[in-house]
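Okay, my_file_29.pdb is below, PDB, C-alpha atoms and all ligand atoms:
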ATOM      1  CA  MET A 155    -136.975 230.502  -7.404
ATOM      2  CA  ARG A 156    -135.197 233.732  -6.541
ATOM      3  CA  HIS A 157    -131.505 234.135  -7.290
ATOM      4  CA  VAL A 158    -128.690 234.982  -4.915
ATOM      5  CA  ALA A 159    -126.080 237.438  -6.158
ATOM      6  CA  GLU A 160    -122.511 236.167  -6.439
ATOM      7  CA  GLY A 161    -120.860 236.168  -3.013
ATOM      8  CA  GLN A 162    -124.036 237.267  -1.205
ATOM      9  CA  TYR A 163    -124.530 233.909   0.461
ATOM     10  CA  LEU A 164    -121.122 233.931   2.128
ATOM     11  CA  PRO A 165    -121.807 235.098   5.683
ATOM     12  CA  HIS A 166    -119.318 237.541   7.131
ATOM     13  CA  GLY A 167    -116.502 235.775   8.969
ATOM     14  CA  ILE A 168    -116.598 232.439   7.160
ATOM     15  CA  PRO A 169    -113.058 231.817   5.987
ATOM     16  CA  PRO A 170    -113.025 230.743   2.336
ATOM     17  CA  THR A 171    -109.636 229.171   3.042
ATOM     18  CA  VAL A 172    -111.204 226.036   4.526
ATOM     19  CA  PRO A 173    -112.716 223.558   2.053
ATOM     20  CA  ASN A 174    -116.419 223.204   2.742
ATOM     21  CA  VAL A 175    -118.112 219.821   2.270
ATOM     22  CA  ALA A 176    -121.382 221.315   1.004
ATOM     23  CA  ARG A 177    -119.555 223.404  -1.616
ATOM     24  CA  MET A 178    -117.315 220.440  -2.598
ATOM     25  CA  TYR A 179    -120.485 218.398  -3.112
ATOM     26  CA  ASP A 180    -121.917 221.236  -5.221
ATOM     27  CA  TYR A 181    -118.751 221.101  -7.347
ATOM     28  CA  TYR A 182    -119.070 217.318  -7.830
ATOM     29  CA  LEU A 183    -122.623 217.970  -9.052
ATOM     30  CA  GLY A 184    -121.389 220.560 -11.566
ATOM     31  CA  GLY A 185    -122.756 223.545  -9.582
ATOM     32  CA  LYS A 186    -121.290 227.049  -9.380
ATOM     33  CA  ASP A 187    -121.561 227.675  -5.626
ATOM     34  CA  ASN A 188    -117.988 226.808  -4.754
ATOM     35  CA  PHE A 189    -114.607 228.495  -4.325
ATOM     36  CA  ALA A 190    -111.049 227.674  -5.424
ATOM     37  CA  VAL A 191    -110.278 226.069  -2.069
ATOM     38  CA  ASP A 192    -113.299 223.737  -2.421
ATOM     39  CA  ARG A 193    -112.473 222.848  -6.030
ATOM     40  CA  GLU A 194    -108.861 222.088  -5.109
ATOM     41  CA  ALA A 195    -109.910 219.698  -2.321
ATOM     42  CA  ALA A 196    -112.629 218.145  -4.503
ATOM     43  CA  ASP A 197    -110.236 217.712  -7.444
ATOM     44  CA  LYS A 198    -107.896 215.814  -5.118
ATOM     45  CA  ILE A 199    -110.727 213.395  -4.349
ATOM     46  CA  ILE A 200    -111.726 213.133  -8.033
ATOM     47  CA  SER A 201    -108.132 212.264  -8.962
ATOM     48  CA  ILE A 202    -108.219 209.327  -6.520
ATOM     49  CA  VAL A 203    -111.851 208.304  -7.043
ATOM     50  CA  PRO A 204    -112.926 209.445 -10.522
ATOM     51  CA  SER A 205    -116.390 207.975  -9.952
ATOM     52  CA  VAL A 206    -117.175 210.472  -7.154
ATOM     53  CA  ARG A 207    -119.020 212.801  -9.547
ATOM     54  CA  SER A 208    -121.265 210.079 -10.960
ATOM     55  CA  THR A 209    -121.836 208.704  -7.457
ATOM     56  CA  THR A 210    -122.907 212.127  -6.224
ATOM     57  CA  LYS A 211    -125.317 212.480  -9.148
ATOM     58  CA  ALA A 212    -126.622 208.967  -8.433
ATOM     59  CA  ASN A 213    -127.204 210.026  -4.815
ATOM     60  CA  ARG A 214    -129.390 212.927  -5.980
ATOM     61  CA  ALA A 215    -131.227 210.577  -8.342
ATOM     62  CA  PHE A 216    -131.782 208.193  -5.408
ATOM     63  CA  LEU A 217    -133.201 211.111  -3.383
ATOM     64  CA  GLY A 218    -135.544 212.087  -6.218
ATOM     65  CA  LYS A 219    -136.808 208.562  -6.864
ATOM     66  CA  ALA A 220    -137.261 207.793  -3.169
ATOM     67  CA  VAL A 221    -139.121 210.945  -2.095
ATOM     68  CA  SER A 222    -141.320 210.843  -5.191
ATOM     69  CA  LEU A 223    -142.227 207.245  -4.349
ATOM     70  CA  LEU A 224    -143.069 208.177  -0.749
ATOM     71  CA  ALA A 225    -145.152 211.174  -1.807
ATOM     72  CA  ARG A 226    -147.077 208.892  -4.181
ATOM     73  CA  ALA A 227    -147.552 206.499  -1.253
ATOM     74  CA  GLY A 228    -149.201 209.315   0.708
ATOM     75  CA  VAL A 229    -146.381 210.761   2.841
ATOM     76  CA  ARG A 230    -146.904 214.506   3.253
ATOM     77  CA  GLN A 231    -144.082 215.507   5.630
ATOM     78  CA  PHE A 232    -140.366 215.451   4.812
ATOM     79  CA  VAL A 233    -137.365 216.451   6.939
ATOM     80  CA  ASP A 234    -134.057 216.608   5.064
ATOM     81  CA  ILE A 235    -131.195 216.622   7.599
ATOM     82  CA  GLY A 236    -127.809 217.665   6.191
ATOM     83  CA  ALA A 237    -129.687 219.076   3.228
ATOM     84  CA  GLY A 238    -126.698 220.732   1.545
ATOM     85  CA  LEU A 239    -126.707 223.645  -0.885
ATOM     86  CA  PRO A 240    -129.772 223.995  -3.085
ATOM     87  CA  THR A 241    -129.408 222.168  -6.366
ATOM     88  CA  GLN A 242    -131.805 220.828  -8.977
ATOM     89  CA  ASP A 243    -134.793 218.809  -7.808
ATOM     90  CA  ASN A 244    -134.607 219.570  -4.118
ATOM     91  CA  VAL A 245    -136.969 217.551  -1.912
ATOM     92  CA  HIS A 246    -139.856 220.051  -1.827
ATOM     93  CA  GLN A 247    -139.835 220.470  -5.599
ATOM     94  CA  VAL A 248    -140.026 216.709  -6.185
ATOM     95  CA  VAL A 249    -142.733 216.021  -3.603
ATOM     96  CA  GLN A 250    -144.852 219.043  -4.491
ATOM     97  CA  ARG A 251    -145.051 217.788  -8.070
ATOM     98  CA  VAL A 252    -146.966 214.872  -6.552
ATOM     99  CA  ALA A 253    -148.812 216.715  -3.770
ATOM    100  CA  ALA A 254    -148.821 220.518  -3.620
ATOM    101  CA  ASP A 255    -149.533 220.449   0.127
ATOM    102  CA  ALA A 256    -146.509 218.264   1.022
ATOM    103  CA  ARG A 257    -144.376 219.964   3.678
ATOM    104  CA  THR A 258    -140.579 219.989   3.770
ATOM    105  CA  VAL A 259    -138.100 221.156   6.391
ATOM    106  CA  TYR A 260    -134.451 221.439   5.409
ATOM    107  CA  VAL A 261    -131.905 221.203   8.244
ATOM    108  CA  ASP A 262    -128.187 221.902   8.110
ATOM    109  CA  ASN A 263    -125.504 223.038  10.565
ATOM    110  CA  ASP A 264    -123.514 225.036   8.029
ATOM    111  CA  PRO A 265    -124.199 228.799   7.990
ATOM    112  CA  VAL A 266    -123.142 228.952   4.328
ATOM    113  CA  VAL A 267    -125.826 226.422   3.430
ATOM    114  CA  LEU A 268    -128.463 228.136   5.579
ATOM    115  CA  VAL A 269    -128.099 231.578   3.982
ATOM    116  CA  HIS A 270    -128.239 230.108   0.515
ATOM    117  CA  ALA A 271    -131.041 227.677   1.309
ATOM    118  CA  ARG A 272    -133.235 230.327   2.954
ATOM    119  CA  ALA A 273    -132.981 232.483  -0.163
ATOM    120  CA  LEU A 274    -133.632 229.682  -2.637
ATOM    121  CA  LEU A 275    -135.650 226.976  -0.913
ATOM    122  CA  GLU A 276    -138.130 228.820   1.289
ATOM    123  CA  ASP A 277    -140.083 229.740  -1.805
ATOM    124  CA  ASN A 278    -143.504 228.639  -0.574
ATOM    125  CA  PRO A 279    -145.371 228.324   2.739
ATOM    126  CA  GLU A 280    -144.943 224.541   2.807
ATOM    127  CA  THR A 281    -141.135 224.806   2.982
ATOM    128  CA  LYS A 282    -138.831 225.831   5.850
ATOM    129  CA  VAL A 283    -135.082 225.940   6.432
ATOM    130  CA  ILE A 284    -133.709 225.606   9.959
ATOM    131  CA  GLY A 285    -130.272 225.505  11.520
ATOM    132  CA  GLY A 286    -129.625 222.316  13.466
ATOM    133  CA  ASP A 287    -126.782 219.973  14.308
ATOM    134  CA  LEU A 288    -127.331 216.241  13.936
ATOM    135  CA  ARG A 289    -124.712 215.699  16.648
ATOM    136  CA  ARG A 290    -127.318 217.173  19.037
ATOM    137  CA  PRO A 291    -130.397 215.294  17.828
ATOM    138  CA  LYS A 292    -132.649 216.020  20.827
ATOM    139  CA  GLU A 293    -132.105 219.755  20.421
ATOM    140  CA  LEU A 294    -132.636 219.466  16.674
ATOM    141  CA  LEU A 295    -135.903 217.540  17.078
ATOM    142  CA  ALA A 296    -137.162 220.013  19.680
ATOM    143  CA  ASP A 297    -136.658 223.039  17.395
ATOM    144  CA  PRO A 298    -139.884 225.096  17.612
ATOM    145  CA  ASP A 299    -139.860 225.919  13.883
ATOM    146  CA  LEU A 300    -139.510 222.222  13.047
ATOM    147  CA  ARG A 301    -142.349 221.322  15.444
ATOM    148  CA  GLU A 302    -144.560 224.081  14.065
ATOM    149  CA  HIS A 303    -144.125 222.832  10.517
ATOM    150  CA  ILE A 304    -144.004 219.053  11.055
ATOM    151  CA  ASP A 305    -146.459 216.990  13.110
ATOM    152  CA  PHE A 306    -144.466 214.079  14.549
ATOM    153  CA  GLY A 307    -147.744 212.450  15.570
ATOM    154  CA  ARG A 308    -148.217 211.609  11.888
ATOM    155  CA  PRO A 309    -145.857 209.805   9.466
ATOM    156  CA  VAL A 310    -142.733 211.729   8.505
ATOM    157  CA  ALA A 311    -139.986 210.838   6.033
ATOM    158  CA  VAL A 312    -136.597 211.753   7.482
ATOM    159  CA  LEU A 313    -133.674 211.959   5.087
ATOM    160  CA  MET A 314    -130.080 211.641   6.258
ATOM    161  CA  LEU A 315    -128.286 211.413   2.925
ATOM    162  CA  ALA A 316    -124.506 211.623   2.707
ATOM    163  CA  VAL A 317    -124.320 213.161   6.183
ATOM    164  CA  LEU A 318    -123.815 210.421   8.814
ATOM    165  CA  HIS A 319    -120.329 209.683   7.484
ATOM    166  CA  PHE A 320    -119.352 213.211   8.595
ATOM    167  CA  ILE A 321    -120.123 212.208  12.180
ATOM    168  CA  PRO A 322    -117.251 210.286  13.767
ATOM    169  CA  ASP A 323    -117.835 207.347  16.078
ATOM    170  CA  HIS A 324    -116.769 209.352  19.136
ATOM    171  CA  ASP A 325    -119.815 211.584  18.540
ATOM    172  CA  GLU A 326    -121.998 208.521  19.170
ATOM    173  CA  VAL A 327    -123.465 208.180  15.718
ATOM    174  CA  ASP A 328    -125.437 205.028  16.636
ATOM    175  CA  ALA A 329    -127.198 206.860  19.482
ATOM    176  CA  ILE A 330    -127.931 209.786  17.143
ATOM    177  CA  VAL A 331    -129.702 207.554  14.626
ATOM    178  CA  GLU A 332    -131.576 205.845  17.471
ATOM    179  CA  THR A 333    -132.788 209.202  18.832
ATOM    180  CA  VAL A 334    -134.064 210.260  15.406
ATOM    181  CA  ARG A 335    -135.756 206.893  14.890
ATOM    182  CA  ARG A 336    -137.507 207.086  18.270
ATOM    183  CA  ALA A 337    -139.234 210.296  17.127
ATOM    184  CA  LEU A 338    -140.933 208.496  14.214
ATOM    185  CA  VAL A 339    -144.420 206.985  14.437
ATOM    186  CA  PRO A 340    -145.339 203.809  12.481
ATOM    187  CA  GLY A 341    -145.737 204.528   8.778
ATOM    188  CA  SER A 342    -142.795 206.964   8.878
ATOM    189  CA  TYR A 343    -139.697 206.434   6.751
ATOM    190  CA  LEU A 344    -135.945 206.759   7.204
ATOM    191  CA  LEU A 345    -133.883 207.448   4.072
ATOM    192  CA  LEU A 346    -130.155 206.907   4.402
ATOM    193  CA  SER A 347    -127.105 207.101   2.218
ATOM    194  CA  HIS A 348    -123.669 206.473   3.669
ATOM    195  CA  PHE A 349    -120.071 206.037   2.487
ATOM    196  CA  TYR A 350    -119.343 202.321   2.747
ATOM    197  CA  THR A 351    -116.149 200.314   2.772
ATOM    198  CA  PRO A 352    -115.619 196.562   2.916
ATOM    199  CA  ASP A 353    -112.177 197.251   4.404
ATOM    200  CA  ASP A 354    -110.746 200.309   6.233
ATOM    201  CA  GLU A 355    -107.366 199.732   4.605
ATOM    202  CA  GLN A 356    -108.619 200.525   1.088
ATOM    203  CA  ASP A 357    -106.566 203.316  -0.561
ATOM    204  CA  THR A 358    -109.660 205.294  -1.534
ATOM    205  CA  VAL A 359    -110.953 205.177   2.029
ATOM    206  CA  ARG A 360    -107.661 206.374   3.501
ATOM    207  CA  ALA A 361    -107.285 209.089   0.866
ATOM    208  CA  GLY A 362    -110.872 210.224   1.363
ATOM    209  CA  ALA A 363    -110.470 210.373   5.143
ATOM    210  CA  LYS A 364    -107.231 212.358   4.768
ATOM    211  CA  ALA A 365    -108.680 214.850   2.285
ATOM    212  CA  TYR A 366    -111.838 215.411   4.339
ATOM    213  CA  SER A 367    -109.907 215.879   7.597
ATOM    214  CA  SER A 368    -108.980 219.389   6.424
ATOM    215  CA  THR A 369    -112.569 220.376   5.543
ATOM    216  CA  ASN A 370    -115.099 222.175   7.743
ATOM    217  CA  ALA A 371    -116.633 218.778   8.606
ATOM    218  CA  GLY A 372    -113.275 217.630  10.022
ATOM    219  CA  SER A 373    -113.602 213.959   9.105
ATOM    220  CA  LEU A 374    -115.097 211.340   6.811
ATOM    221  CA  THR A 375    -115.831 207.896   8.250
ATOM    222  CA  ALA A 376    -116.582 205.062   5.856
ATOM    223  CA  ARG A 377    -118.518 202.305   7.638
ATOM    224  CA  SER A 378    -119.045 198.590   7.141
ATOM    225  CA  LEU A 379    -122.191 196.898   5.875
ATOM    226  CA  THR A 380    -122.888 195.704   9.425
ATOM    227  CA  ARG A 381    -122.747 199.239  10.819
ATOM    228  CA  ILE A 382    -124.913 200.769   8.099
ATOM    229  CA  ASN A 383    -127.413 197.896   8.282
ATOM    230  CA  GLY A 384    -127.541 198.495  12.030
ATOM    231  CA  TYR A 385    -129.003 201.983  11.464
ATOM    232  CA  LEU A 386    -131.842 200.303   9.572
ATOM    233  CA  SER A 387    -132.472 197.335  11.838
ATOM    234  CA  GLY A 388    -136.123 196.698  12.631
ATOM    235  CA  LEU A 389    -137.321 198.796   9.682
ATOM    236  CA  ASP A 390    -139.095 197.281   6.684
ATOM    237  CA  LEU A 391    -136.730 198.022   3.825
ATOM    238  CA  ILE A 392    -138.283 198.982   0.522
ATOM    239  CA  GLU A 393    -136.952 196.975  -2.436
ATOM    240  CA  PRO A 394    -134.088 196.660  -3.321
ATOM    241  CA  GLY A 395    -132.870 197.212   0.271
ATOM    242  CA  LEU A 396    -129.432 198.622   1.094
ATOM    243  CA  VAL A 397    -127.474 198.889  -2.164
ATOM    244  CA  PRO A 398    -125.069 201.271  -3.950
ATOM    245  CA  VAL A 399    -127.186 204.341  -4.734
ATOM    246  CA  ARG A 400    -126.507 203.984  -8.470
ATOM    247  CA  THR A 401    -128.294 200.622  -8.402
ATOM    248  CA  TRP A 402    -131.364 201.715  -6.384
ATOM    249  CA  ARG A 403    -134.336 201.211  -8.749
ATOM    250  CA  PRO A 404    -132.369 202.156 -11.877
ATOM    251  CA  ALA A 405    -134.053 203.175 -15.115
ATOM    252  CA  TRP A 406    -134.214 200.251 -17.516
ATOM    253  CA  GLU A 407    -131.155 201.301 -19.509
ATOM    254  CA  GLU A 408    -128.903 201.565 -16.466
ATOM    255  CA  GLU A 409    -126.989 198.723 -14.880
ATOM    256  CA  ALA A 410    -128.062 197.410 -11.507
ATOM    257  CA  VAL A 411    -125.100 195.208 -10.693
ATOM    258  CA  VAL A 412    -124.449 195.334  -6.958
ATOM    259  CA  ASP A 413    -120.743 195.021  -6.136
ATOM    260  CA  LEU A 414    -119.974 195.357  -2.432
ATOM    261  CA  SER A 415    -116.293 194.451  -2.791
ATOM    262  CA  VAL A 416    -115.372 198.110  -3.354
ATOM    263  CA  PRO A 417    -116.048 201.308  -1.379
ATOM    264  CA  ASP A 418    -119.212 203.075  -2.528
ATOM    265  CA  LEU A 419    -122.146 205.182  -1.369
ATOM    266  CA  LEU A 420    -124.923 202.880  -0.176
ATOM    267  CA  GLY A 421    -128.543 203.929   0.148
ATOM    268  CA  ALA A 422    -131.774 202.525   1.546
ATOM    269  CA  VAL A 423    -135.330 203.469   2.456
ATOM    270  CA  GLY A 424    -136.839 201.868   5.563
ATOM    271  CA  ARG A 425    -140.436 202.025   6.814
ATOM    272  CA  VAL A 426    -141.177 202.179  10.531
ATOM    273  CA  PRO A 427    -143.481 199.169  11.176
TER     274      PRO A 427
HETATM  275  C1  LIG B   1    -122.447 215.951   1.143
HETATM  276  S1  LIG B   1    -123.701 217.082   1.618
HETATM  277  C2  LIG B   1    -125.132 216.114   1.281
HETATM  278  C3  LIG B   1    -126.313 216.936   0.796
HETATM  279  C4  LIG B   1    -127.617 216.144   0.601
HETATM  280  N1  LIG B   1    -128.043 215.496   1.831
HETATM  281  C5  LIG B   1    -127.469 215.090  -0.461
HETATM  282  O1  LIG B   1    -127.254 213.909  -0.113
HETATM  283  O2  LIG B   1    -127.547 215.398  -1.656
HETATM  284  C6  LIG B   1    -123.610 216.940   3.405
HETATM  285  C7  LIG B   1    -124.343 218.056   4.148
HETATM  286  O3  LIG B   1    -124.445 217.673   5.525
HETATM  287  C8  LIG B   1    -124.214 218.816   6.331
HETATM  288  N2  LIG B   1    -123.770 218.378   7.657
HETATM  289  C9  LIG B   1    -122.583 217.813   7.996
HETATM  290  N3  LIG B   1    -122.554 217.544   9.324
HETATM  291  C10 LIG B   1    -123.768 217.932   9.818
HETATM  292  C11 LIG B   1    -124.336 217.928  11.131
HETATM  293  N4  LIG B   1    -123.654 217.466  12.190
HETATM  294  N5  LIG B   1    -125.590 218.412  11.283
HETATM  295  C12 LIG B   1    -126.295 218.890  10.214
HETATM  296  N6  LIG B   1    -125.786 218.936   8.952
HETATM  297  C13 LIG B   1    -124.539 218.468   8.766
HETATM  298  C14 LIG B   1    -123.167 219.594   5.563
HETATM  299  O4  LIG B   1    -123.141 220.954   5.965
HETATM  300  C15 LIG B   1    -123.616 219.410   4.128
HETATM  301  O5  LIG B   1    -124.488 220.422   3.741
END
The structure given in the file should be rewritten as structure tokens.
Amino acid sequence: MRHVAEGQYLPHGIPPTVPNVARMYDYYLGGKDNFAVDREAADKIISIVPSVRSTTKANRAFLGKAVSLLARAGVRQFVDIGAGLPTQDNVHQVVQRVAADARTVYVDNDPVVLVHARALLEDNPETKVIGGDLRRPKELLADPDLREHIDFGRPVAVLMLAVLHFIPDHDEVDAIVETVRRALVPGSYLLLSHFYTPDDEQDTVRAGAKAYSSTNAGSLTARSLTRINGYLSGLDLIEPGLVPVRTWRPAWEEEAVVDLSVPDLLGAVGRVP
């Protein structure tokens, strides 16, 4: 991997006065690609939900376990929508350990992410980074670079991890997921993780929504089990189904107690039958 000099990835004109969800996430993960404004907003969240850092790490572990499993099952095409800033064990690195010819396309709508990702992730011919907005899924799926790299006539694993909760209901999130799902042939996979709440009145949910309203994403919408399950309806869910990401196929020494009485990040992998 090449390295990006300090500050080089910040495109001209991006105000570092607005907290950025990708950089906040990088801070939760212990990364260095964040600014004071991001750390301040993230620290506010950590003070209310101290588990956010371990949850974020568990989300990356979920990603690693899931894409490795799919690569071992023969999937050779991966599209990571809302990919975020490069970190350790990005999708292409995990899947290429299993199959060197596995292809990955990273998609994000944040110019900060794109500059950084192009420098660090496009490090071999099987990997591409494209700009695309999940709120315009038809346009995203029609992107010529995506189509050149990924053959939607064959199985594809599409990841939408920790991104759908940044799309508010008025942007028709259900229709967005449906459009993405319609592009997938049988044998394809959908990987989701989503901020869940059993009750919109929970303090953590309100505090999270408030803190994220001043970020570049503009909002954070926790959704119910029914809503998140709806995105997966008709898919064959891989064991253990939709669960908190920290309990998705844990290593033997970790706990796998599923508690859906509290807000958490839920994850699942579904196969298109
Ligand atoms: C919290 S990060 C998650 C990163 C990675 N998917 C993971 O789970 O580790 C969310 C990412 O989604 C991106 N994002 C938010 N809204 C998006 C949209 N409408 N279209 C594409 N990307 C979006 C953000 O820019 C950010 O990089």
So what do you get for atom CA of A:Arg308 versus atom CA of A:Arg257, distance-wise? 12.3 Å
Kindly compile the residues surrounding ligand LIG 1 (chain B) within 7 Å, counting all atoms listed in the file, and format them as an MDAnalysis selection string. chainID A and resid 175:176 179 213:214 234:239 261:264 267 286:289 314:317 320:321 371
Could you save the residues just selected, with C-alpha atoms, as a short mmCIF file (atom, residue, chain, number, x, y, z; two decimals), in the frame of the given file?
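Below you can see again34.cif, which holds the result:
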data_model
loop_
_atom_site.label_atom_id
_atom_site.label_comp_id
_atom_site.auth_asym_id
_atom_site.auth_seq_id
_atom_site.Cartn_x
_atom_site.Cartn_y
_atom_site.Cartn_z
CA VAL A 175 -118.11 219.82 2.27
CA ALA A 176 -121.38 221.32 1.00
CA TYR A 179 -120.48 218.40 -3.11
CA ASN A 213 -127.20 210.03 -4.82
CA ARG A 214 -129.39 212.93 -5.98
CA ASP A 234 -134.06 216.61 5.06
CA ILE A 235 -131.20 216.62 7.60
CA GLY A 236 -127.81 217.66 6.19
CA ALA A 237 -129.69 219.08 3.23
CA GLY A 238 -126.70 220.73 1.54
CA LEU A 239 -126.71 223.64 -0.88
CA VAL A 261 -131.90 221.20 8.24
CA ASP A 262 -128.19 221.90 8.11
CA ASN A 263 -125.50 223.04 10.56
CA ASP A 264 -123.51 225.04 8.03
CA VAL A 267 -125.83 226.42 3.43
CA GLY A 286 -129.62 222.32 13.47
CA ASP A 287 -126.78 219.97 14.31
CA LEU A 288 -127.33 216.24 13.94
CA ARG A 289 -124.71 215.70 16.65
CA MET A 314 -130.08 211.64 6.26
CA LEU A 315 -128.29 211.41 2.92
CA ALA A 316 -124.51 211.62 2.71
CA VAL A 317 -124.32 213.16 6.18
CA PHE A 320 -119.35 213.21 8.60
CA ILE A 321 -120.12 212.21 12.18
CA ALA A 371 -116.63 218.78 8.61
#
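Picture a line from atom CA of A:Gly285 to atom CA of A:Pro240; it runs 14.7 Å.
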Go through A:Asp328, A:Asp243, A:Glu194, A:His303 and flag the residue nearest A:Ser387, using all atoms listed in the file for the distances. A:Asp328
Residues in the PyMOL selection byres (((chain A and resi 231) around 10) and not hetatm), expressed as a list in words: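 Selected by the PyMOL selection byres (((chain A and resi 231) around 10) and not hetatm) here: Leu224, Ala225, Gly228, Val229, Arg230, Phe232, Val233, His246, Val249, Asp255, Ala256, Arg257, Thr258, Val259, Glu280, His303, Ile304, Asp305, Phe306, Arg308, Pro309, Val310, Ala311, Val312 and Ser342 of chain A.
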So how many Å separate atom CA of A:Asp418 and atom CA of A:Ala405, to one decimal? 19.5 Å
Kindly resolve the PyMOL selection byres (((chain A and resi 185-192) around 8) and not hetatm) on the present coordinates and return the residues as a PDB file with C-alpha atoms, in the coordinates of the input.
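Result file is result.pdb:
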ATOM      1  CA  PRO A 170    -113.025 230.743   2.336  1.00  0.00           C
ATOM      2  CA  THR A 171    -109.636 229.171   3.042  1.00  0.00           C
ATOM      3  CA  VAL A 172    -111.204 226.036   4.526  1.00  0.00           C
ATOM      4  CA  PRO A 173    -112.716 223.558   2.053  1.00  0.00           C
ATOM      5  CA  ASN A 174    -116.419 223.204   2.742  1.00  0.00           C
ATOM      6  CA  VAL A 175    -118.112 219.821   2.270  1.00  0.00           C
ATOM      7  CA  ARG A 177    -119.555 223.404  -1.616  1.00  0.00           C
ATOM      8  CA  MET A 178    -117.315 220.440  -2.598  1.00  0.00           C
ATOM      9  CA  ASP A 180    -121.917 221.236  -5.221  1.00  0.00           C
ATOM     10  CA  TYR A 181    -118.751 221.101  -7.347  1.00  0.00           C
ATOM     11  CA  TYR A 182    -119.070 217.318  -7.830  1.00  0.00           C
ATOM     12  CA  LEU A 183    -122.623 217.970  -9.052  1.00  0.00           C
ATOM     13  CA  GLY A 184    -121.389 220.560 -11.566  1.00  0.00           C
ATOM     14  CA  ARG A 193    -112.473 222.848  -6.030  1.00  0.00           C
ATOM     15  CA  GLU A 194    -108.861 222.088  -5.109  1.00  0.00           C
ATOM     16  CA  ALA A 195    -109.910 219.698  -2.321  1.00  0.00           C
ATOM     17  CA  ALA A 196    -112.629 218.145  -4.503  1.00  0.00           C
ATOM     18  CA  THR A 241    -129.408 222.168  -6.366  1.00  0.00           C
TER      19      THR A 241
END
